Each structure stands twice: as C-alpha cells, then as structure tokens.
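Trainee: Just model-v4.pdb, nothing more (PDB, C-alpha atoms):
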ATOM      1  CA  MET X   1      66.110 -83.790 -33.728
ATOM      2  CA  THR X   2      63.220 -85.922 -32.542
ATOM      3  CA  ILE X   3      59.627 -84.799 -32.361
ATOM      4  CA  ILE X   4      59.569 -84.762 -28.570
ATOM      5  CA  ASN X   5      62.501 -82.344 -28.523
ATOM      6  CA  SER X   6      60.727 -80.028 -30.930
ATOM      7  CA  LEU X   7      57.561 -79.742 -28.844
ATOM      8  CA  ASP X   8      56.776 -77.039 -26.307
ATOM      9  CA  LEU X   9      56.018 -79.616 -23.618
ATOM     10  CA  PRO X  10      55.316 -77.243 -20.680
ATOM     11  CA  SER X  11      52.558 -75.427 -22.587
ATOM     12  CA  LEU X  12      51.157 -78.613 -24.105
ATOM     13  CA  THR X  13      51.156 -80.370 -20.748
ATOM     14  CA  ALA X  14      49.212 -77.520 -19.161
ATOM     15  CA  ALA X  15      46.686 -77.631 -22.006
ATOM     16  CA  TYR X  16      46.285 -81.376 -21.559
ATOM     17  CA  MET X  17      45.979 -81.196 -17.768
ATOM     18  CA  PHE X  18      43.379 -78.437 -17.873
ATOM     19  CA  ALA X  19      41.305 -80.021 -20.632
ATOM     20  CA  ASP X  20      37.911 -80.973 -19.239
ATOM     21  CA  VAL X  21      36.735 -81.646 -22.776
ATOM     22  CA  PRO X  22      38.704 -82.535 -25.908
ATOM     23  CA  ILE X  23      38.019 -79.258 -27.697
ATOM     24  CA  TYR X  24      40.047 -77.365 -25.078
ATOM     25  CA  MET X  25      43.072 -79.547 -25.696
ATOM     26  CA  TYR X  26      42.636 -79.476 -29.474
ATOM     27  CA  LYS X  27      42.409 -75.689 -29.707
ATOM     28  CA  HIS X  28      45.342 -75.051 -27.378
ATOM     29  CA  PHE X  29      47.524 -77.630 -29.090
ATOM     30  CA  ARG X  30      46.616 -76.298 -32.507
ATOM     31  CA  ASN X  31      47.549 -72.732 -31.543
ATOM     32  CA  ASN X  32      50.924 -73.801 -30.221
ATOM     33  CA  ASP X  33      53.860 -72.816 -32.439
ATOM     34  CA  SER X  34      55.674 -76.101 -31.906
ATOM     35  CA  ILE X  35      52.621 -77.960 -33.230
ATOM     36  CA  ILE X  36      52.234 -75.596 -36.175
ATOM     37  CA  ASN X  37      55.849 -76.235 -37.169
ATOM     38  CA  LEU X  38      55.768 -79.995 -36.632
ATOM     39  CA  SER X  39      54.513 -80.923 -40.070
ATOM     40  CA  LYS X  40      57.130 -78.652 -41.673
ATOM     41  CA  SER X  41      60.004 -80.185 -39.756
ATOM     42  CA  PHE X  42      59.235 -83.886 -40.019
ATOM     43  CA  SER X  43      58.345 -86.243 -42.829
ATOM     44  CA  GLU X  44      55.185 -88.317 -42.996
ATOM     45  CA  LYS X  45      57.243 -91.403 -42.255
ATOM     46  CA  GLU X  46      58.814 -89.814 -39.181
ATOM     47  CA  ILE X  47      55.403 -88.647 -37.948
ATOM     48  CA  ILE X  48      53.837 -92.095 -38.297
ATOM     49  CA  THR X  49      56.841 -93.904 -36.830
ATOM     50  CA  GLU X  50      57.101 -91.683 -33.763
ATOM     51  CA  PHE X  51      53.344 -91.759 -33.144
ATOM     52  CA  ASN X  52      53.435 -95.548 -33.137
ATOM     53  CA  ILE X  53      56.376 -95.585 -30.749
ATOM     54  CA  TYR X  54      54.541 -93.483 -28.191
ATOM     55  CA  ILE X  55      51.152 -95.154 -28.343
ATOM     56  CA  ASN X  56      52.622 -98.636 -28.222
ATOM     57  CA  LYS X  57      54.628 -98.161 -25.066
ATOM     58  CA  VAL X  58      53.734-100.796 -22.497
ATOM     59  CA  SER X  59      53.338 -98.201 -19.776
ATOM     60  CA  MET X  60      52.204 -95.004 -21.379
ATOM     61  CA  GLU X  61      53.267 -92.009 -19.280
ATOM     62  CA  VAL X  62      51.436 -88.716 -19.459
ATOM     63  CA  LYS X  63      54.320 -87.265 -21.467
ATOM     64  CA  ASP X  64      53.903 -90.023 -24.043
ATOM     65  CA  THR X  65      50.206 -89.235 -24.297
ATOM     66  CA  ILE X  66      50.913 -85.547 -24.798
ATOM     67  CA  VAL X  67      53.481 -86.209 -27.518
ATOM     68  CA  ALA X  68      51.052 -88.557 -29.286
ATOM     69  CA  TYR X  69      48.312 -85.924 -29.187
ATOM     70  CA  GLY X  70      50.833 -83.334 -30.318
ATOM     71  CA  ILE X  71      51.706 -85.420 -33.356
ATOM     72  CA  LEU X  72      48.041 -86.000 -34.087
ATOM     73  CA  VAL X  73      47.136 -82.323 -33.946
ATOM     74  CA  GLY X  74      50.272 -81.492 -35.934
ATOM     75  CA  VAL X  75      48.940 -83.693 -38.734
ATOM     76  CA  THR X  76      46.023 -81.273 -39.127
ATOM     77  CA  TYR X  77      48.448 -78.728 -40.570
ATOM     78  CA  LEU X  78      49.255 -80.973 -43.508
ATOM     79  CA  PRO X  79      47.294 -80.629 -46.747
ATOM     80  CA  TYR X  80      43.872 -82.211 -46.278
ATOM     81  CA  ASP X  81      44.455 -85.334 -48.354
ATOM     82  CA  ASP X  82      47.796 -86.012 -46.692
ATOM     83  CA  ALA X  83      46.268 -85.552 -43.256
ATOM     84  CA  ILE X  84      43.442 -87.964 -43.990
ATOM     85  CA  ARG X  85      45.847 -90.537 -45.390
ATOM     86  CA  ILE X  86      47.926 -90.389 -42.211
ATOM     87  CA  PHE X  87      44.883 -90.486 -39.920
ATOM     88  CA  ASN X  88      43.822 -93.645 -41.716
ATOM     89  CA  VAL X  89      47.035 -95.479 -40.850
ATOM     90  CA  LEU X  90      47.298 -94.324 -37.242
ATOM     91  CA  ASP X  91      45.659 -96.323 -34.457
ATOM     92  CA  LEU X  92      43.559 -93.516 -33.024
ATOM     93  CA  ASN X  93      41.754 -95.836 -30.621
ATOM     94  CA  LYS X  94      44.794 -95.915 -28.401
ATOM     95  CA  LEU X  95      44.060 -92.355 -27.343
ATOM     96  CA  GLU X  96      40.885 -91.386 -25.536
ATOM     97  CA  TRP X  97      40.386 -88.334 -27.744
ATOM     98  CA  GLY X  98      42.184 -89.604 -30.842
ATOM     99  CA  GLU X  99      39.081 -90.026 -32.940
ATOM    100  CA  PHE X 100      37.810 -86.664 -31.747
ATOM    101  CA  VAL X 101      40.904 -84.934 -33.162
ATOM    102  CA  ARG X 102      40.382 -86.570 -36.556
ATOM    103  CA  ASP X 103      36.628 -85.980 -36.629
ATOM    104  CA  TYR X 104      36.854 -82.386 -35.450
ATOM    105  CA  TYR X 105      39.469 -81.641 -38.091
ATOM    106  CA  ILE X 106      37.345 -83.202 -40.830
ATOM    107  CA  ASN X 107      34.176 -81.460 -39.713
ATOM    108  CA  SER X 108      35.794 -78.059 -39.381
ATOM    109  CA  TYR X 109      37.832 -78.246 -42.586
ATOM    110  CA  LYS X 110      36.699 -75.769 -45.199
ATOM    111  CA  PRO X 111      37.857 -76.635 -48.699
ATOM    112  CA  LEU X 112      38.872 -74.057 -51.237
ATOM    113  CA  THR X 113      36.112 -72.541 -53.293
ATOM    114  CA  SER X 114      36.557 -71.595 -56.938
ATOM    115  CA  VAL X 115      35.995 -67.959 -55.980
ATOM    116  CA  ASN X 116      38.884 -68.147 -53.570
ATOM    117  CA  ILE X 117      41.197 -69.735 -56.119
ATOM    118  CA  GLU X 118      40.281 -67.084 -58.674
ATOM    119  CA  ALA X 119      40.984 -64.368 -56.141
ATOM    120  CA  GLN X 120      44.407 -65.811 -55.477
ATOM    121  CA  ILE X 121      45.189 -66.012 -59.186
ATOM    122  CA  TYR X 122      43.995 -62.457 -59.673
ATOM    123  CA  ASN X 123      46.076 -61.186 -56.774
ATOM    124  CA  SER X 124      49.094 -63.028 -58.079
ATOM    125  CA  LEU X 125      48.659 -61.515 -61.551
ATOM    126  CA  ILE X 126      48.161 -57.992 -60.207
ATOM    127  CA  SER X 127      51.163 -58.335 -57.967
ATOM    128  CA  HIS X 128      53.298 -59.537 -60.832
ATOM    129  CA  THR X 129      52.212 -56.993 -63.424
ATOM    130  CA  THR X 130      52.744 -54.069 -61.069
ATOM    131  CA  SER X 131      56.213 -55.132 -60.023
ATOM    132  CA  SER X 132      57.702 -56.686 -63.138
ATOM    133  CA  LYS X 133      58.882 -54.928 -66.236
ATOM    134  CA  THR X 134      59.305 -58.078 -68.293
ATOM    135  CA  ASP X 135      56.783 -59.522 -70.716
ATOM    136  CA  ILE X 136      56.945 -62.971 -69.229
ATOM    137  CA  LYS X 137      53.489 -64.107 -68.337
ATOM    138  CA  PRO X 138      53.306 -65.000 -64.686
ATOM    139  CA  LYS X 139      52.388 -68.483 -63.654
ATOM    140  CA  PRO X 140      50.034 -68.062 -60.728
ATOM    141  CA  LYS X 141      50.933 -70.084 -57.716
ATOM    142  CA  ILE X 142      47.832 -71.701 -56.275
ATOM    143  CA  THR X 143      48.294 -72.762 -52.724
ATOM    144  CA  MET X 144      45.839 -74.763 -50.761
ATOM    145  CA  ARG X 145      44.671 -73.053 -47.668
ATOM    146  CA  GLU X 146      41.623 -73.037 -45.493
ATOM    147  CA  ILE X 147      39.199 -70.173 -45.757
TER     148      ILE X 147
ATOM    149  CA  MET Z   1      29.981 -99.218 -10.254
ATOM    150  CA  THR Z   2      31.242-100.853 -13.433
ATOM    151  CA  LEU Z   3      34.851-101.655 -14.220
ATOM    152  CA  ILE Z   4      35.881-100.560 -17.718
ATOM    153  CA  THR Z   5      39.146-100.630 -19.626
ATOM    154  CA  ASN Z   6      40.020 -97.442 -21.430
ATOM    155  CA  GLN Z   7      41.723 -97.140 -24.804
ATOM    156  CA  ARG Z   8      45.175 -97.251 -23.268
ATOM    157  CA  GLY Z   9      44.427-100.461 -21.446
ATOM    158  CA  TYR Z  10      44.081 -98.852 -18.031
ATOM    159  CA  GLN Z  11      41.179 -99.778 -15.838
ATOM    160  CA  GLU Z  12      38.646 -97.160 -14.900
ATOM    161  CA  THR Z  13      35.225 -97.290 -13.366
ATOM    162  CA  LYS Z  14      31.908 -95.791 -14.323
ATOM    163  CA  ILE Z  15      28.793 -95.239 -12.267
ATOM    164  CA  VAL Z  16      25.114 -95.006 -12.981
ATOM    165  CA  LEU Z  17      24.459 -91.343 -13.662
ATOM    166  CA  GLN Z  18      21.159 -90.079 -14.948
ATOM    167  CA  THR Z  19      19.349 -86.865 -15.699
ATOM    168  CA  ARG Z  20      16.232 -85.873 -13.807
ATOM    169  CA  SER Z  21      14.071 -87.885 -16.175
ATOM    170  CA  GLY Z  22      16.289 -90.953 -16.111
ATOM    171  CA  VAL Z  23      18.414 -90.622 -19.229
ATOM    172  CA  ASP Z  24      21.829 -92.261 -18.760
ATOM    173  CA  ILE Z  25      24.888 -90.007 -18.800
ATOM    174  CA  ASP Z  26      28.120 -91.676 -19.874
ATOM    175  CA  ASN Z  27      30.988 -91.089 -17.479
ATOM    176  CA  TYR Z  28      34.225 -92.511 -16.129
ATOM    177  CA  GLN Z  29      36.224 -92.335 -12.949
ATOM    178  CA  SER Z  30      39.962 -92.082 -13.281
ATOM    179  CA  SER Z  31      41.652 -93.528 -10.234
ATOM    180  CA  ASP Z  32      45.263 -92.469 -10.193
ATOM    181  CA  TYR Z  33      48.010 -90.164 -11.365
ATOM    182  CA  SER Z  34      51.366 -91.076 -12.760
ATOM    183  CA  PRO Z  35      54.434 -89.785 -10.897
ATOM    184  CA  SER Z  36      55.198 -87.345 -13.693
ATOM    185  CA  GLU Z  37      51.688 -85.906 -13.491
ATOM    186  CA  LEU Z  38      52.085 -85.300  -9.773
ATOM    187  CA  ALA Z  39      55.386 -83.582 -10.374
ATOM    188  CA  TYR Z  40      53.837 -81.410 -13.031
ATOM    189  CA  PHE Z  41      51.039 -80.325 -10.709
ATOM    190  CA  GLU Z  42      53.630 -78.611  -8.542
ATOM    191  CA  PHE Z  43      54.775 -76.679 -11.599
ATOM    192  CA  LEU Z  44      51.188 -75.638 -12.349
ATOM    193  CA  LYS Z  45      50.659 -74.469  -8.782
ATOM    194  CA  GLY Z  46      53.651 -72.222  -9.239
ATOM    195  CA  LYS Z  47      52.240 -70.902 -12.486
ATOM    196  CA  TYR Z  48      48.720 -70.220 -11.242
ATOM    197  CA  PHE Z  49      48.777 -68.578  -7.833
ATOM    198  CA  GLY Z  50      48.128 -65.269  -6.136
ATOM    199  CA  ALA Z  51      45.132 -62.987  -5.884
ATOM    200  CA  GLY Z  52      41.993 -64.525  -7.269
ATOM    201  CA  ILE Z  53      43.074 -68.159  -6.932
ATOM    202  CA  LYS Z  54      42.777 -70.409  -3.889
ATOM    203  CA  TYR Z  55      43.240 -74.163  -4.136
ATOM    204  CA  ARG Z  56      40.450 -76.002  -2.322
ATOM    205  CA  THR Z  57      41.829 -79.509  -2.781
ATOM    206  CA  ASN Z  58      44.846 -81.483  -3.791
ATOM    207  CA  PRO Z  59      44.685 -82.911  -7.311
ATOM    208  CA  ILE Z  60      41.804 -85.392  -7.559
ATOM    209  CA  PRO Z  61      41.603 -87.686 -10.613
ATOM    210  CA  VAL Z  62      38.074 -88.967 -10.019
ATOM    211  CA  TYR Z  63      36.074 -86.046 -11.401
ATOM    212  CA  ASN Z  64      36.485 -83.176 -13.828
ATOM    213  CA  CYS Z  65      34.751 -79.801 -13.978
ATOM    214  CA  HIS Z  66      31.477 -81.148 -15.367
ATOM    215  CA  GLY Z  67      31.554 -83.994 -12.868
ATOM    216  CA  MET Z  68      31.910 -81.439 -10.101
ATOM    217  CA  THR Z  69      29.166 -79.195 -11.445
ATOM    218  CA  PHE Z  70      26.624 -81.785 -12.531
ATOM    219  CA  ALA Z  71      27.515 -85.048 -10.772
ATOM    220  CA  SER Z  72      28.371 -84.098  -7.196
ATOM    221  CA  ARG Z  73      32.115 -84.640  -7.591
ATOM    222  CA  ARG Z  74      31.692 -88.351  -8.289
ATOM    223  CA  THR Z  75      32.894 -88.864 -11.874
ATOM    224  CA  CYS Z  76      34.130 -87.329 -15.144
ATOM    225  CA  ILE Z  77      31.830 -86.201 -17.954
ATOM    226  CA  THR Z  78      33.774 -85.171 -21.053
ATOM    227  CA  ASP Z  79      31.237 -85.181 -23.868
ATOM    228  CA  PRO Z  80      29.920 -81.615 -24.354
ATOM    229  CA  ALA Z  81      26.757 -82.995 -25.970
ATOM    230  CA  LEU Z  82      25.885 -84.615 -22.648
ATOM    231  CA  ILE Z  83      26.139 -81.261 -20.908
ATOM    232  CA  TYR Z  84      23.564 -79.838 -23.305
ATOM    233  CA  LEU Z  85      21.408 -82.882 -22.553
ATOM    234  CA  ILE Z  86      21.691 -82.296 -18.806
ATOM    235  CA  LEU Z  87      20.839 -78.613 -19.223
ATOM    236  CA  GLU Z  88      17.711 -79.534 -21.120
ATOM    237  CA  GLU Z  89      16.594 -82.539 -19.092
ATOM    238  CA  ASP Z  90      17.261 -80.892 -15.731
ATOM    239  CA  LYS Z  91      15.417 -77.729 -16.828
ATOM    240  CA  TYR Z  92      18.251 -75.250 -16.549
ATOM    241  CA  SER Z  93      17.573 -71.791 -17.924
ATOM    242  CA  GLU Z  94      19.977 -68.957 -18.594
ATOM    243  CA  VAL Z  95      20.393 -66.142 -16.090
ATOM    244  CA  ASN Z  96      21.574 -62.624 -16.928
ATOM    245  CA  LYS Z  97      24.912 -61.884 -15.341
ATOM    246  CA  SER Z  98      23.408 -59.001 -13.353
ATOM    247  CA  ASP Z  99      20.944 -61.459 -11.791
ATOM    248  CA  VAL Z 100      23.448 -64.176 -10.947
ATOM    249  CA  LEU Z 101      23.321 -65.584  -7.411
ATOM    250  CA  PRO Z 102      25.517 -68.015  -5.515
ATOM    251  CA  GLY Z 103      24.582 -71.545  -6.524
ATOM    252  CA  ASP Z 104      24.116 -70.731 -10.196
ATOM    253  CA  ILE Z 105      26.180 -72.580 -12.798
ATOM    254  CA  ILE Z 106      28.775 -70.879 -15.002
ATOM    255  CA  LEU Z 107      29.544 -72.380 -18.397
ATOM    256  CA  TYR Z 108      32.485 -71.219 -20.494
ATOM    257  CA  PHE Z 109      31.906 -71.448 -24.237
ATOM    258  CA  GLU Z 110      34.452 -71.720 -27.013
ATOM    259  CA  PRO Z 111      33.546 -68.673 -29.132
ATOM    260  CA  ASP Z 112      33.984 -70.112 -32.644
ATOM    261  CA  LYS Z 113      31.467 -72.940 -32.486
ATOM    262  CA  GLY Z 114      29.859 -72.372 -29.127
ATOM    263  CA  GLU Z 115      31.121 -75.573 -27.561
ATOM    264  CA  ILE Z 116      31.215 -75.854 -23.789
ATOM    265  CA  VAL Z 117      34.818 -76.003 -22.585
ATOM    266  CA  HIS Z 118      34.495 -75.589 -18.815
ATOM    267  CA  SER Z 119      31.982 -75.300 -16.002
ATOM    268  CA  GLY Z 120      31.817 -74.303 -12.373
ATOM    269  CA  VAL Z 121      29.546 -73.209  -9.563
ATOM    270  CA  VAL Z 122      29.079 -69.533  -8.726
ATOM    271  CA  VAL Z 123      29.718 -68.767  -5.050
ATOM    272  CA  SER Z 124      29.329 -64.980  -4.921
ATOM    273  CA  GLU Z 125      27.176 -62.277  -6.404
ATOM    274  CA  PRO Z 126      28.848 -60.147  -9.081
ATOM    275  CA  ASP Z 127      30.914 -57.287  -7.656
ATOM    276  CA  ILE Z 128      28.849 -54.094  -7.900
ATOM    277  CA  ASN Z 129      31.702 -52.136  -9.440
ATOM    278  CA  THR Z 130      33.579 -54.642 -11.590
ATOM    279  CA  GLY Z 131      31.024 -57.383 -12.243
ATOM    280  CA  ALA Z 132      33.636 -59.950 -11.235
ATOM    281  CA  LEU Z 133      32.427 -62.966  -9.308
ATOM    282  CA  TRP Z 134      33.900 -65.901  -7.468
ATOM    283  CA  ILE Z 135      33.347 -69.454  -8.585
ATOM    284  CA  VAL Z 136      34.476 -72.944  -7.620
ATOM    285  CA  SER Z 137      35.589 -75.148 -10.478
ATOM    286  CA  LYS Z 138      37.681 -78.248 -11.083
ATOM    287  CA  TRP Z 139      40.614 -77.583 -13.390
ATOM    288  CA  GLY Z 140      40.736 -80.669 -15.589
ATOM    289  CA  ARG Z 141      42.793 -83.436 -13.996
ATOM    290  CA  PHE Z 142      44.202 -80.931 -11.525
ATOM    291  CA  SER Z 143      42.708 -79.472  -8.334
ATOM    292  CA  GLU Z 144      39.394 -77.930  -7.392
ATOM    293  CA  VAL Z 145      39.895 -74.195  -7.191
ATOM    294  CA  TYR Z 146      38.095 -71.195  -5.679
ATOM    295  CA  HIS Z 147      38.810 -68.372  -8.100
ATOM    296  CA  TRP Z 148      37.638 -65.249  -9.862
ATOM    297  CA  SER Z 149      35.694 -66.345 -12.923
ATOM    298  CA  HIS Z 150      38.069 -64.346 -15.142
ATOM    299  CA  VAL Z 151      41.272 -65.738 -13.633
ATOM    300  CA  GLY Z 152      42.906 -69.058 -14.465
ATOM    301  CA  PRO Z 153      43.435 -71.312 -17.476
ATOM    302  CA  TYR Z 154      39.948 -70.630 -18.853
ATOM    303  CA  SER Z 155      40.154 -66.834 -18.639
ATOM    304  CA  GLU Z 156      40.197 -66.495 -22.427
ATOM    305  CA  TYR Z 157      36.604 -67.757 -22.467
ATOM    306  CA  THR Z 158      35.290 -65.367 -19.806
ATOM    307  CA  SER Z 159      33.667 -63.017 -22.293
ATOM    308  CA  SER Z 160      31.613 -65.888 -23.699
ATOM    309  CA  ALA Z 161      30.632 -67.328 -20.309
ATOM    310  CA  LYS Z 162      26.957 -67.825 -19.529
ATOM    311  CA  TYR Z 163      25.086 -68.514 -16.317
ATOM    312  CA  PHE Z 164      22.348 -71.029 -15.624
ATOM    313  CA  ARG Z 165      19.903 -71.961 -12.852
ATOM    314  CA  ILE Z 166      17.229 -74.582 -12.351
ATOM    315  CA  ARG Z 167      14.013 -72.642 -11.907
ATOM    316  CA  LYS Z 168      11.340 -75.311 -11.944
TER     317      LYS Z 168
END
For this file, produce the structure as structure tokens.

Mentor:
Amino acid sequence: MTIINSLDLPSLTAAYMFADVPIYMYKHFRNNDSIINLSKSFSEKEIITEFNIYINKVSMEVKDTIVAYGILVGVTYLPYDDAIRIFNVLDLNKLEWGEFVRDYYINSYKPLTSVNIEAQIYNSLISHTTSSKTDIKPKPKITMREI
Amino acid sequence: MTLITNQRGYQETKIVLQTRSGVDIDNYQSSDYSPSELAYFEFLKGKYFGAGIKYRTNPIPVYNCHGMTFASRRTCITDPALIYLILEEDKYSEVNKSDVLPGDIILYFEPDKGEIVHSGVVVSEPDINTGALWIVSKWGRFSEVYHWSHVGPYSEYTSSAKYFRIRK
C-alpha cells in the first residue's frame, strides 16, 4: 500500500480547501485518523521517499500538495527526535506552509517531565502488583508521550 | 502589483496593502485553479448546502477570508499575526454579541491557543430568540458564502467567535 492510498483524501482535501490560515489545515489534518496512523504504517524511508516524489513533481496538482502536507503532519506523530530528524532532511520550502508545520509542532511540543515519568512508573508498578501473584519485579515500561 | 514566485514555482502577484497608519501587510493573489480543484468544488457544494448556506459567488482564487474582510476582496492574507496588527492599527475594538450590528467583523478563534482561523462580515443583527446571525465570509480557496455564523466548515469555532468594530 502506498501513502496516498492510506489517506482519507476527501476529508483532507476539504480541510486544505477551507484553510484560510495554516493552523486550520494543521489541526484538521492532525485530527484525521489516516494521518494519525501514517507513522505507524510506513517507515521513515518510505515517508521521506514519498514526500520527495510529491514535492518534486514538475506540475504539482492539488492532490500532490495535500499528500505532501499529509505526510508532513503525519511526521508529527513520530517520537520528537525522529520527527525533527525527518523534518531536517525534507525540503519544506517547496510547500507554502511547510515550515509552519515544523515550527508549530516544535513550539507546541511538550516534553515529558520527571513527575510524569514517575507517575507512569508508579502506575505500572501498582497495576502489576495488584494483578500478578508472582514475585517477579516488574520492569516499568516508560513510553514517551506528550502531556 | 508585484509578480512573485511562490515556493512551488508558480507565479502569483502581490499588491501594496497597508494599515491605516501605513504599515505594510504582506499578501498574495492566487490567479488560478487546477482542474482537480474545480472538480472538487462541486463535491464541496454537495456537502455544504441547504438552510443557512447560500453561495454568493463561484470559487475565486484571488482572495481568502481575511482578504475579503480586511482588504476589500483584493488579495489573500494568511498570517494570523498580521490580522492582530490590522486590528490594532485600524483601531478595532471588541463588541459584545448582544450589541452586534451589520457591518461588524466576526473572527473565529482556535480555542487552544487563541489563534484566528477565520473571519467574515456580519450582515444581520443576532436573532432575538436564538442569537444566531448571518454573515458573509470567504471559505478558503472556495466561494464567498452568505451563511449562519454557526453553519459551515468553521462551525466548530463558533463558541469562541468574537465580534469587532472600528469605533474611532
């Protein structure tokens, strides 16, 4: 499956057409399930390759623009460091609001705090000790997430 | 009018646009639609129709909502920071919804960070019973529409809409 086939193009096209300002497009793209799932379904290499294909078309149709923005917003669901690494290799200047997507993501990203990590460890321990009858010490799973 | 080349290599134009006190407002005029865009507009017309929505124009690429509201339908303004600048420089002040009159400006705000996402011009007083009012606004790259302020693709922002008027 290619990225374009995985995207909810009717909804994304409407969001793009109605966007008077980039934040409208960004928020509607980001809340779209097909965008949320994009980073789970495709590798970094596939994401970068397909983005480059769409932005380097000689005659860029509106559908190409929407797919490129879709890929870009999909990148924001990757772990922060991965997202930044990919943004750094993509030619964002080819899209009118490309740099906005990157900058808005960076500015609105909220890193984990130590309190939050501790809370997750605590919850993991409580969950384990109340459901397990073994003496094996649980290894808390710390997942990165935005707060 | 100045000819500019956008990021995709397409040519656009920009005009001299200034606030009341002469501060330049960046803008651009898009000149055309692709065939697929035109086809998609027909789909959107089928999606948004009925009571509370009347299309005033065919799709017009030249201006967007802020260009309609603040630049006499001549160009696109897409930087929300420039809208705040216009509000300040042109001496707009907020109006309570109960005091809104035709000719006032409606701004739709994104609730999380308070960014302006859409604008239009009020063309009716609020309904005495429901508070609903009619506005005219340009829907992105699509058409200019006469609609209830709570109907259309920006309806999710209705509760955070605010109204403005130049008073001095």

Trainee: Write out as a VMD selection string each polymer residue whose atoms come within 10 Å of range 94-111 of chain Z, counting only C-alpha atoms; drop sequence neighbours fewer than 2 positions from it.

Mentor: (chain X and resid 23 to 24 27) or (chain Z and resid 66 69 to 70 83 87 92 113 to 128 131 to 137 149 154 to 167)

Trainee: I want to know what sits within 9 Å of Phe29 in chain X, based on all atoms listed in the file, with residues of the same chain fewer than 4 positions away left out; could you give that as a ChimeraX atom specification?

Mentor: /X:11-12,15-16,24-25,33-36,69-70,73-74

Trainee: Please enumerate the residues selected by the PyMOL selection byres ((chain X and resi 80) around 12) when evaluated against the supplied file, formatted as an mmCIF file with C-alpha atoms, in the coordinates of the input.

Mentor:
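Okay, this is what ended up in expr_34.cif:
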data_model
loop_
_atom_site.group_PDB
_atom_site.id
_atom_site.type_symbol
_atom_site.label_atom_id
_atom_site.label_comp_id
_atom_site.auth_asym_id
_atom_site.auth_seq_id
_atom_site.Cartn_x
_atom_site.Cartn_y
_atom_site.Cartn_z
ATOM 1 C CA VAL X 75 48.940 -83.693 -38.734
ATOM 2 C CA THR X 76 46.023 -81.273 -39.127
ATOM 3 C CA TYR X 77 48.448 -78.728 -40.570
ATOM 4 C CA LEU X 78 49.255 -80.973 -43.508
ATOM 5 C CA PRO X 79 47.294 -80.629 -46.747
ATOM 6 C CA ASP X 81 44.455 -85.334 -48.354
ATOM 7 C CA ASP X 82 47.796 -86.012 -46.692
ATOM 8 C CA ALA X 83 46.268 -85.552 -43.256
ATOM 9 C CA ILE X 84 43.442 -87.964 -43.990
ATOM 10 C CA ARG X 85 45.847 -90.537 -45.390
ATOM 11 C CA ILE X 86 47.926 -90.389 -42.211
ATOM 12 C CA PHE X 87 44.883 -90.486 -39.920
ATOM 13 C CA ARG X 102 40.382 -86.570 -36.556
ATOM 14 C CA TYR X 105 39.469 -81.641 -38.091
ATOM 15 C CA ILE X 106 37.345 -83.202 -40.830
ATOM 16 C CA ASN X 107 34.176 -81.460 -39.713
ATOM 17 C CA SER X 108 35.794 -78.059 -39.381
ATOM 18 C CA TYR X 109 37.832 -78.246 -42.586
ATOM 19 C CA LYS X 110 36.699 -75.769 -45.199
ATOM 20 C CA PRO X 111 37.857 -76.635 -48.699
ATOM 21 C CA LEU X 112 38.872 -74.057 -51.237
ATOM 22 C CA MET X 144 45.839 -74.763 -50.761
ATOM 23 C CA ARG X 145 44.671 -73.053 -47.668
ATOM 24 C CA GLU X 146 41.623 -73.037 -45.493
#

Trainee: I need the residue set behind the ChimeraX specification (/Z :<6) & /X for this file; please write it as a ChimeraX atom specification.

Mentor: /X:17-21,24,93-96

Trainee: For a quick check of understanding, using all atoms listed in the file, which of Z:Lys168, Z:Lys14, Z:His147, Z:Arg74 has the smallest distance to Ile53 in chain Z?

Mentor: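 Closest to Ile53 in chain Z of all the choices is Z:His147.
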
Trainee: When you draw a straight line from CA of Arg73 in chain Z to CA of Gln18 in chain Z, how long is it in Å?

Mentor: 14.3 Å

Trainee: Between CA of Asp91 in chain X and CA of Ser59 in chain X, what is the spacing in Å?

Mentor: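 Distance reported for this atom pair: 16.7 Å.
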
Trainee: Just how far from CA of Thr2 in chain X is CA of Asn37 in chain X, in Å to one decimal?

Mentor: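 Between CA of Asn37 in chain X and CA of Thr2 in chain X the gap is 13.0 Å.
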
Trainee: When you look at Ile15 in chain Z with a cut-off of 12 Å (counting only C-alpha atoms), what residues show up, excluding the ones that are within fewer than 6 positions of it in the same chain? I need them as a list of chain:residue names.

Mentor: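 These residues fall inside the cut-off: Z:Met1, Z:Thr2, Z:Leu3, Z:Ile4, Z:Asp24, Z:Ile25, Z:Asp26, Z:Asn27, Z:Tyr28, Z:Gln29, Z:Ser30, Z:Val62, Z:Tyr63, Z:Gly67, Z:Ala71, Z:Arg74, Z:Thr75, Z:Cys76, Z:Ile77.
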
Trainee: Output the selection as a PDB file, in the frame of the given file - C-alpha atoms for each residue.

Mentor:
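What landed in out-v6.pdb:
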ATOM      1  CA  MET Z   1      29.981 -99.218 -10.254  1.00  0.00           C
ATOM      2  CA  THR Z   2      31.242-100.853 -13.433  1.00  0.00           C
ATOM      3  CA  LEU Z   3      34.851-101.655 -14.220  1.00  0.00           C
ATOM      4  CA  ILE Z   4      35.881-100.560 -17.718  1.00  0.00           C
ATOM      5  CA  ASP Z  24      21.829 -92.261 -18.760  1.00  0.00           C
ATOM      6  CA  ILE Z  25      24.888 -90.007 -18.800  1.00  0.00           C
ATOM      7  CA  ASP Z  26      28.120 -91.676 -19.874  1.00  0.00           C
ATOM      8  CA  ASN Z  27      30.988 -91.089 -17.479  1.00  0.00           C
ATOM      9  CA  TYR Z  28      34.225 -92.511 -16.129  1.00  0.00           C
ATOM     10  CA  GLN Z  29      36.224 -92.335 -12.949  1.00  0.00           C
ATOM     11  CA  SER Z  30      39.962 -92.082 -13.281  1.00  0.00           C
ATOM     12  CA  VAL Z  62      38.074 -88.967 -10.019  1.00  0.00           C
ATOM     13  CA  TYR Z  63      36.074 -86.046 -11.401  1.00  0.00           C
ATOM     14  CA  GLY Z  67      31.554 -83.994 -12.868  1.00  0.00           C
ATOM     15  CA  ALA Z  71      27.515 -85.048 -10.772  1.00  0.00           C
ATOM     16  CA  ARG Z  74      31.692 -88.351  -8.289  1.00  0.00           C
ATOM     17  CA  THR Z  75      32.894 -88.864 -11.874  1.00  0.00           C
ATOM     18  CA  CYS Z  76      34.130 -87.329 -15.144  1.00  0.00           C
ATOM     19  CA  ILE Z  77      31.830 -86.201 -17.954  1.00  0.00           C
TER      20      ILE Z  77
END

Trainee: Hey, what's within 8 Å of Tyr54 in chain X if we count only C-alpha atoms and toss same-chain stuff fewer than 2 positions away? As a ChimeraX atom specification, please?

Mentor: /X:50-52,56-57,60,64-65,67-68

Trainee: Mind checking which residues fall within 8 Å of Asp90 in chain Z, counting all atoms listed in the file, ignoring those fewer than 5 positions away in the same chain, and posting them as a list in words?

Mentor: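 Near Asp90 in chain Z, the qualifying residues are Thr19, Arg20, Ser21 and Ile166 of chain Z.
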